[in-house]
$ cat input_5.txt   # compact mmCIF, C-alpha atoms and all ligand atoms
# COMPACT_ATOMS: atom_id res chain seq x y z
CA VAL A 1 -6.67 -69.60 2.75
CA THR A 2 -5.99 -73.30 3.12
CA ALA A 3 -7.72 -75.90 1.00
CA SER A 4 -9.60 -77.30 3.98
CA VAL A 5 -10.94 -73.88 4.94
CA ARG A 6 -11.98 -73.31 1.36
CA ARG A 7 -13.76 -76.64 1.27
CA ARG A 8 -15.58 -75.89 4.48
CA ALA A 9 -16.61 -72.50 3.14
CA PHE A 10 -17.84 -74.14 -0.04
CA ALA A 11 -19.75 -76.77 1.92
CA LEU A 12 -21.44 -74.08 3.99
CA ALA A 13 -22.37 -72.14 0.88
CA ALA A 14 -23.74 -75.27 -0.78
CA CYS A 15 -25.75 -76.18 2.33
CA ALA A 16 -27.18 -72.69 2.51
CA VAL A 17 -28.48 -73.02 -1.01
CA LEU A 18 -29.79 -76.51 -0.36
CA TRP A 19 -31.73 -75.17 2.53
CA ALA A 20 -32.90 -72.19 0.50
CA ALA A 21 -33.90 -74.38 -2.43
CA GLY A 22 -35.80 -76.67 -0.09
CA CYS A 23 -34.22 -79.71 -1.68
CA GLY A 24 -33.70 -81.85 1.37
CA GLY A 25 -32.69 -85.48 1.24
CA SER A 26 -29.84 -87.70 2.19
CA ASP A 27 -27.73 -87.36 -0.93
CA GLN A 28 -26.02 -84.10 -0.08
CA GLY A 29 -22.66 -84.90 1.38
CA GLY A 30 -20.06 -82.20 1.77
CA PRO A 31 -17.20 -81.79 -0.63
CA THR A 32 -14.98 -83.61 1.84
CA THR A 33 -16.72 -86.89 1.00
CA GLY A 34 -16.04 -88.84 -2.15
CA GLU A 35 -12.92 -87.41 -3.70
CA THR A 36 -13.55 -87.57 -7.41
CA THR A 37 -9.99 -87.88 -8.59
CA ALA A 38 -7.95 -89.72 -6.04
CA THR A 39 -5.10 -89.94 -8.50
CA VAL A 40 -3.97 -87.39 -11.03
CA GLY A 41 -0.76 -87.15 -12.95
CA THR A 42 1.75 -84.35 -13.19
CA ALA A 43 2.54 -81.65 -15.72
CA ASP A 44 5.28 -83.88 -17.15
CA ALA A 45 3.20 -87.05 -17.05
CA PRO A 46 -0.52 -86.38 -17.41
CA VAL A 47 -2.68 -89.40 -16.70
CA THR A 48 -5.30 -90.82 -19.08
CA LEU A 49 -8.55 -91.34 -17.21
CA THR A 50 -11.15 -93.98 -17.88
CA TYR A 51 -14.69 -94.23 -16.57
CA GLU A 52 -17.57 -96.49 -15.66
CA VAL A 53 -21.15 -95.26 -16.24
CA VAL A 54 -22.83 -95.73 -12.85
CA ASP A 55 -26.12 -94.01 -13.71
CA GLU A 56 -27.94 -92.23 -16.50
CA HIS A 57 -30.65 -89.57 -16.27
CA PRO A 58 -32.92 -87.97 -18.88
CA HIS A 59 -31.81 -84.64 -20.33
CA ASP A 60 -33.84 -82.15 -22.38
CA SER A 61 -32.59 -82.87 -25.91
CA GLY A 62 -33.63 -79.33 -26.87
CA ALA A 63 -31.17 -77.84 -24.36
CA PHE A 64 -28.01 -76.33 -25.86
CA THR A 65 -26.12 -76.96 -22.63
CA GLN A 66 -23.52 -74.33 -21.75
CA GLY A 67 -23.29 -74.54 -17.97
CA LEU A 68 -24.08 -77.34 -15.52
CA LEU A 69 -23.69 -77.87 -11.80
CA ARG A 70 -25.36 -80.03 -9.19
CA VAL A 71 -26.59 -79.13 -5.71
CA GLY A 72 -28.40 -81.92 -3.85
CA SER A 73 -31.09 -83.40 -6.07
CA ARG A 74 -31.05 -80.48 -8.53
CA PHE A 75 -29.01 -79.39 -11.50
CA PHE A 76 -28.59 -75.74 -12.31
CA GLU A 77 -28.23 -75.46 -16.09
CA SER A 78 -27.57 -72.63 -18.52
CA THR A 79 -28.52 -72.98 -22.18
CA GLY A 80 -27.49 -71.06 -25.27
CA MET A 81 -28.66 -70.07 -28.77
CA TYR A 82 -30.10 -66.67 -29.66
CA GLY A 83 -33.80 -66.40 -28.84
CA ARG A 84 -33.77 -69.58 -26.74
CA SER A 85 -31.26 -69.05 -23.94
CA ASP A 86 -32.21 -69.54 -20.33
CA VAL A 87 -31.14 -70.55 -16.85
CA ARG A 88 -33.02 -73.46 -15.32
CA ILE A 89 -33.37 -75.63 -12.25
CA VAL A 90 -33.69 -79.29 -13.20
CA ASP A 91 -34.63 -82.36 -11.18
CA VAL A 92 -31.65 -84.72 -11.51
CA ALA A 93 -33.61 -87.99 -11.45
CA SER A 94 -36.35 -87.11 -13.94
CA GLY A 95 -34.65 -84.40 -15.99
CA ARG A 96 -37.77 -82.31 -15.46
CA VAL A 97 -37.30 -78.52 -15.68
CA LEU A 98 -38.66 -77.21 -12.36
CA LYS A 99 -38.02 -73.52 -12.97
CA ARG A 100 -36.55 -71.44 -15.78
CA HIS A 101 -35.78 -67.83 -16.60
CA ARG A 102 -35.30 -66.68 -20.19
CA ILE A 103 -32.64 -64.14 -21.07
CA PRO A 104 -33.11 -61.54 -23.83
CA ASP A 105 -33.38 -62.95 -27.38
CA ALA A 106 -30.28 -61.01 -28.48
CA GLN A 107 -28.15 -62.77 -25.83
CA PHE A 108 -26.54 -66.22 -26.02
CA GLY A 109 -26.34 -67.98 -22.66
CA GLU A 110 -23.04 -69.51 -21.57
CA GLY A 111 -21.31 -70.59 -18.33
CA LEU A 112 -23.09 -70.83 -15.00
CA THR A 113 -21.96 -71.08 -11.39
CA LEU A 114 -23.16 -70.60 -7.83
CA HIS A 115 -21.63 -68.62 -4.99
CA GLU A 116 -23.33 -67.94 -1.65
CA GLY A 117 -26.86 -68.42 -2.93
CA ARG A 118 -26.32 -66.40 -6.11
CA LEU A 119 -26.09 -67.82 -9.62
CA PHE A 120 -23.75 -66.15 -12.11
CA GLN A 121 -24.40 -66.63 -15.83
CA LEU A 122 -22.20 -65.57 -18.73
CA THR A 123 -23.24 -64.68 -22.25
CA TRP A 124 -21.11 -65.54 -25.27
CA LYS A 125 -20.32 -62.35 -27.19
CA ASN A 126 -22.63 -59.92 -25.43
CA GLY A 127 -20.13 -58.96 -22.71
CA VAL A 128 -22.96 -59.14 -20.18
CA GLY A 129 -23.18 -61.31 -17.08
CA HIS A 130 -26.36 -62.03 -15.16
CA THR A 131 -26.93 -62.92 -11.52
CA TYR A 132 -29.95 -64.66 -10.02
CA ASP A 133 -31.28 -65.71 -6.67
CA ALA A 134 -30.56 -69.47 -6.78
CA ARG A 135 -33.88 -70.32 -5.14
CA THR A 136 -36.24 -68.18 -7.22
CA LEU A 137 -34.15 -67.37 -10.34
CA ARG A 138 -35.12 -63.76 -9.74
CA PRO A 139 -32.53 -61.60 -11.55
CA GLY A 140 -30.11 -59.52 -9.50
CA GLU A 141 -27.52 -57.00 -10.55
CA GLY A 142 -25.60 -57.90 -13.72
CA TRP A 143 -22.08 -56.98 -14.77
CA ARG A 144 -20.07 -56.30 -17.91
CA TYR A 145 -16.78 -57.87 -19.02
CA ARG A 146 -14.35 -57.74 -21.91
CA GLY A 147 -14.08 -60.54 -24.45
CA GLU A 148 -16.17 -63.66 -24.68
CA GLY A 149 -17.93 -65.67 -21.99
CA TRP A 150 -17.67 -69.47 -22.18
CA GLY A 151 -17.43 -71.51 -18.94
CA LEU A 152 -17.74 -70.60 -15.27
CA THR A 153 -17.15 -72.41 -11.97
CA THR A 154 -16.61 -71.54 -8.30
CA VAL A 155 -13.41 -72.47 -6.48
CA GLY A 156 -13.62 -71.49 -2.83
CA ASP A 157 -14.36 -67.78 -2.77
CA GLU A 158 -13.37 -67.15 -6.38
CA LEU A 159 -15.02 -67.60 -9.75
CA VAL A 160 -13.09 -69.10 -12.66
CA GLN A 161 -14.09 -68.09 -16.19
CA SER A 162 -13.06 -69.45 -19.57
CA ASP A 163 -13.37 -67.51 -22.83
CA GLY A 164 -12.47 -70.08 -25.47
CA THR A 165 -8.75 -69.37 -25.30
CA ALA A 166 -6.13 -71.16 -23.18
CA THR A 167 -6.42 -68.53 -20.43
CA LEU A 168 -8.65 -68.81 -17.36
CA ARG A 169 -9.65 -65.62 -15.57
CA ILE A 170 -10.04 -65.60 -11.80
CA LEU A 171 -12.82 -63.27 -10.62
CA ASP A 172 -13.75 -61.83 -7.27
CA PRO A 173 -17.49 -62.64 -6.96
CA ALA A 174 -18.19 -59.41 -5.08
CA SER A 175 -16.61 -56.93 -7.51
CA LEU A 176 -16.58 -59.26 -10.57
CA THR A 177 -13.17 -57.92 -11.48
CA VAL A 178 -10.37 -60.14 -12.79
CA THR A 179 -7.82 -60.68 -10.02
CA ARG A 180 -5.42 -62.90 -12.01
CA GLU A 181 -5.16 -65.16 -15.03
CA ILE A 182 -3.95 -68.72 -15.50
CA ARG A 183 -2.47 -70.10 -18.71
CA VAL A 184 -3.48 -73.72 -19.26
CA ARG A 185 -0.89 -76.00 -20.82
CA LEU A 186 -0.74 -79.68 -21.69
CA ARG A 187 2.88 -80.90 -21.71
CA GLY A 188 3.91 -77.27 -22.09
CA ARG A 189 1.60 -76.45 -25.01
CA ALA A 190 -1.32 -74.04 -24.70
CA VAL A 191 -4.75 -75.72 -24.57
CA THR A 192 -7.24 -73.57 -26.47
CA GLY A 193 -11.01 -74.01 -26.55
CA LEU A 194 -11.46 -74.25 -22.76
CA ASN A 195 -15.24 -74.38 -22.38
CA GLU A 196 -17.56 -75.62 -19.61
CA LEU A 197 -15.79 -75.84 -16.25
CA GLU A 198 -16.18 -77.72 -12.98
CA ASP A 199 -14.34 -77.37 -9.71
CA MET A 200 -13.54 -80.79 -8.26
CA GLY A 201 -12.70 -79.55 -4.78
CA ASP A 202 -9.21 -81.05 -4.89
CA GLY A 203 -7.27 -78.19 -6.46
CA THR A 204 -8.29 -79.18 -9.97
CA VAL A 205 -10.81 -77.74 -12.40
CA TRP A 206 -12.13 -79.88 -15.24
CA ALA A 207 -12.82 -78.33 -18.62
CA ASN A 208 -14.56 -79.46 -21.78
CA ILE A 209 -12.37 -78.68 -24.79
CA TRP A 210 -14.38 -77.25 -27.68
CA PRO A 211 -14.92 -78.61 -30.31
CA THR A 212 -13.77 -82.05 -29.09
CA ASP A 213 -15.09 -84.76 -26.79
CA ARG A 214 -12.09 -84.36 -24.53
CA VAL A 215 -12.05 -83.17 -20.92
CA VAL A 216 -8.86 -81.88 -19.32
CA VAL A 217 -8.07 -81.90 -15.60
CA ILE A 218 -6.29 -78.64 -14.78
CA ASP A 219 -4.11 -78.15 -11.70
CA LEU A 220 -5.29 -74.66 -10.86
CA ALA A 221 -2.11 -73.69 -9.03
CA SER A 222 0.12 -74.22 -12.06
CA GLY A 223 -2.29 -74.31 -15.00
CA ALA A 224 -0.86 -77.69 -15.99
CA VAL A 225 -3.16 -80.35 -17.40
CA VAL A 226 -2.55 -83.35 -15.16
CA ALA A 227 -5.09 -85.74 -16.69
CA THR A 228 -7.37 -86.13 -19.71
CA LEU A 229 -10.66 -87.95 -20.27
CA ASP A 230 -12.15 -88.93 -23.63
CA LEU A 231 -15.97 -88.87 -23.82
CA SER A 232 -16.30 -89.74 -27.51
CA GLN A 233 -17.87 -93.14 -26.72
CA LEU A 234 -20.70 -91.40 -24.86
CA LYS A 235 -21.15 -88.77 -27.57
CA ALA A 236 -21.44 -91.64 -30.07
CA ARG A 237 -24.69 -92.69 -28.34
CA GLN A 238 -26.19 -89.27 -29.12
CA PRO A 239 -27.95 -87.99 -32.26
CA ALA A 240 -25.98 -86.27 -35.02
CA GLY A 241 -25.30 -82.62 -34.21
CA ALA A 242 -24.99 -83.19 -30.48
CA GLU A 243 -21.84 -81.72 -28.93
CA THR A 244 -20.06 -82.68 -25.73
CA ASN A 245 -20.35 -79.97 -23.06
CA GLY A 246 -21.34 -79.91 -19.40
CA ILE A 247 -19.66 -81.32 -16.30
CA ALA A 248 -21.22 -81.40 -12.84
CA ARG A 249 -19.62 -82.89 -9.76
CA ASN A 250 -21.76 -85.06 -7.49
CA THR A 251 -20.03 -84.28 -4.22
CA ALA A 252 -22.01 -86.84 -2.21
CA ALA A 253 -21.21 -89.80 -4.45
CA GLY A 254 -17.73 -88.82 -5.63
CA THR A 255 -18.95 -89.11 -9.21
CA VAL A 256 -19.18 -86.75 -12.17
CA HIS A 257 -22.16 -86.00 -14.42
CA VAL A 258 -21.44 -85.28 -18.07
CA THR A 259 -23.73 -84.28 -20.89
CA GLY A 260 -23.80 -82.05 -23.96
CA LYS A 261 -25.64 -79.73 -26.28
CA TYR A 262 -28.79 -81.55 -27.46
CA TRP A 263 -27.83 -84.72 -25.59
CA ASN A 264 -30.82 -86.79 -24.43
CA ALA A 265 -29.01 -88.07 -21.34
CA VAL A 266 -26.79 -86.97 -18.50
CA TYR A 267 -24.33 -89.75 -17.68
CA GLU A 268 -22.97 -90.23 -14.19
CA LEU A 269 -19.41 -91.48 -14.22
CA ARG A 270 -16.98 -92.97 -11.76
CA VAL A 271 -13.58 -91.97 -13.04
CA ARG A 272 -10.18 -93.55 -12.45
CA PRO A 273 -6.77 -93.58 -14.07
CA SER A 274 -6.58 -95.87 -17.08
CA PRO A 275 -4.74 -99.10 -16.21
CA CA B 1 -19.90 -77.23 -14.55
$ encode --input "input_5.txt" --output "structure tokens"
Amino acid sequence: VTASVRRRAFALAACAVLWAAGCGGSDQGGPTTGETTATVGTADAPVTLTYEVVDEHPHDSGAFTQGLLRVGSRFFESTGMYGRSDVRIVDVASGRVLKRHRIPDAQFGEGLTLHEGRLFQLTWKNGVGHTYDARTLRPGEGWRYRGEGWGLTTVGDELVQSDGTATLRILDPASLTVTREIRVRLRGRAVTGLNELEDMGDGTVWANIWPTDRVVVIDLASGAVVATLDLSQLKARQPAGAETNGIARNTAAGTVHVTGKYWNAVYELRVRPSP
């Protein structure tokens, strides 16, 4: 499957959900608009990225953010902690929680992604995944997996899962089986702590690195980190105990939203290579 076909498929899937979620408006461009990272480095010469904050939105400072993605004017967000985990639909502009679904108290919510109108949510050490109708948050059939669940994103017709190690698992969304694995390396060295993920639609997946404020840009074909982004200046604006986690691409604007666990804001960034 070529990249352009994948992008078209993704755009169709995203539009289907937009329609289903009833979130019309003019801010929903396809993934072909607004390339987020026009320039990335190479495995041998990863680029340092810098950013400009172009907007800032309220975020529930009680949310232990584990998964974040944007469709139109809504965020889909997954939160963690035992007894408090949920999946929620959030209005981007106001930060208001429009709809939420709690998961069992004994489960710790983790990564979240969307594929063809279905949300997929991981749990940390429970080995249980949940699916939901993206419009209603009505639970569908779940699945079980080995090891831990950390981050999740959708690349074309595949899901990409992190588990806190340096290995990404590629899943078939229909069978939820692992079809292959990718080892992530920065200048040849394994990058552990891969956490929340975001497909950028350009062959790269971004990942928060736990427990740091660093984001790595991963070339999915090779697993090489081709760029890095330091969010410590944004984390410094947050209360003590807040942790950096959560990346959501704004396909229409070519920008990236970032937030964290217990952050009171979601920042919208325009990112470029550091001069
Ligand atoms: Ca994400």
$ atom_distance --input "input_5.txt" --atom1 "atom CA of Val205 of chain A" --atom2 "atom CA of Arg144 of chain A"
24.0 Å
$ residues_around --input "input_5.txt" --residues "Asn245 of chain A" --least-positions-apart "4" --cutoff "6 Å" --atoms "all atoms listed in the file" --output "PDB file with C-alpha atoms, in the frame of the given file"
ATOM      1  CA  ASN A 208     -14.560 -79.460 -21.780  1.00  0.00           C
ATOM      2  CA  THR A 259     -23.730 -84.280 -20.890  1.00  0.00           C
ATOM      3  CA  GLY A 260     -23.800 -82.050 -23.960  1.00  0.00           C
TER       4      GLY A 260
END
$ residues_near_ligand --input "input_5.txt" --ligand "ligand CA 1 (chain B)" --cutoff "8 Å" --atoms "all atoms listed in the file" --output "list in words"
Gly67, Leu68, Leu69, Gly111, Leu112, Thr113, Gly151, Leu152, Thr153, Glu196, Leu197, Glu198, Asp199, Gly246, Ile247, Ala248 and Arg249 of chain A
$ closest_atom_pairs --input "input_5.txt" --of "segment 133-247 of chain A" --to "segment 92-107 of chain A" --cutoff "9 Å" --atoms "only C-alpha atoms" --output "CSV"
residue,atom,partner,partner_atom,distance
A:Thr136,CA,A:Lys99,CA,8.0
A:Leu137,CA,A:His101,CA,6.5
A:Arg138,CA,A:His101,CA,8.0
A:Pro139,CA,A:His101,CA,8.7
$ residues_near_point --input "input_5.txt" --point "(1.5, -78.7, -17.1)" --cutoff "6 Å" --atoms "only C-alpha atoms" --output "list in words"
Ala43, Arg185, Leu186, Arg187, Gly188, Ala224 and Val225 of chain A
$ write_last_selection --input "input_5.txt" --atoms "C-alpha atoms" --output "compact mmCIF listing (two decimals), in the frame of the given file"
# COMPACT_ATOMS: atom_id res chain seq x y z
CA ALA A 43 2.54 -81.65 -15.72
CA ARG A 185 -0.89 -76.00 -20.82
CA LEU A 186 -0.74 -79.68 -21.69
CA ARG A 187 2.88 -80.90 -21.71
CA GLY A 188 3.91 -77.27 -22.09
CA ALA A 224 -0.86 -77.69 -15.99
CA VAL A 225 -3.16 -80.35 -17.40
$ atom_distance --input "input_5.txt" --atom1 "atom CA of Val271 of chain A" --atom2 "atom CA of Met200 of chain A"
12.2 Å
$ atom_distance --input "input_5.txt" --atom1 "atom CA of Gly254 of chain A" --atom2 "atom CA of Ser73 of chain A"
14.4 Å
$ closest_residue --input "input_5.txt" --among "A:Leu122, A:Leu234, A:Leu229, A:Leu171" --to "Thr50 of chain A" --atoms "only C-alpha atoms"
A:Leu229
$ closest_residue --input "input_5.txt" --among "A:Gly203, A:Gly72, A:Pro173, A:Gly223" --to "Glu116 of chain A" --atoms "all atoms listed in the file"
A:Pro173
$ closest_residue --input "input_5.txt" --among "A:Trp143, A:Phe75, A:Tyr267, A:Tyr262" --to "Thr123 of chain A" --atoms "only C-alpha atoms"
A:Trp143
$ closest_residue --input "input_5.txt" --among "A:Thr244, A:Asn126, A:Ser222, A:Ser85" --to "Val184 of chain A" --atoms "only C-alpha atoms"
A:Ser222
$ residues_near_point --input "input_5.txt" --point "(-19.6, -83.6, -26.4)" --cutoff "10 Å" --atoms "all atoms listed in the file" --output "list in words"
Asn208, Ile209, Trp210, Pro211, Thr212, Asp213, Arg214, Val215, Asp230, Leu231, Ser232, Gln233, Leu234, Lys235, Ala236, Gln238, Gly241, Ala242, Glu243, Thr244, Asn245, Gly246, Val258, Thr259, Gly260, Lys261, Tyr262 and Trp263 of chain A
$ closest_residue --input "input_5.txt" --among "A:Glu141, A:Glu148, A:Glu56, A:Asp202" --to "Ala174 of chain A" --atoms "only C-alpha atoms"
A:Glu141
$ residues_around --input "input_5.txt" --residues "segment 175-180 of chain A" --least-positions-apart "6" --cutoff "10 Å" --atoms "all atoms listed in the file" --output "PyMOL selection string"
chain A and resi 129+142-145+158-161+168-169
$ closest_residue --input "input_5.txt" --among "A:Gly147, A:Gly41, A:Pro273, A:Pro58" --to "Thr204 of chain A" --atoms "only C-alpha atoms"
A:Gly41
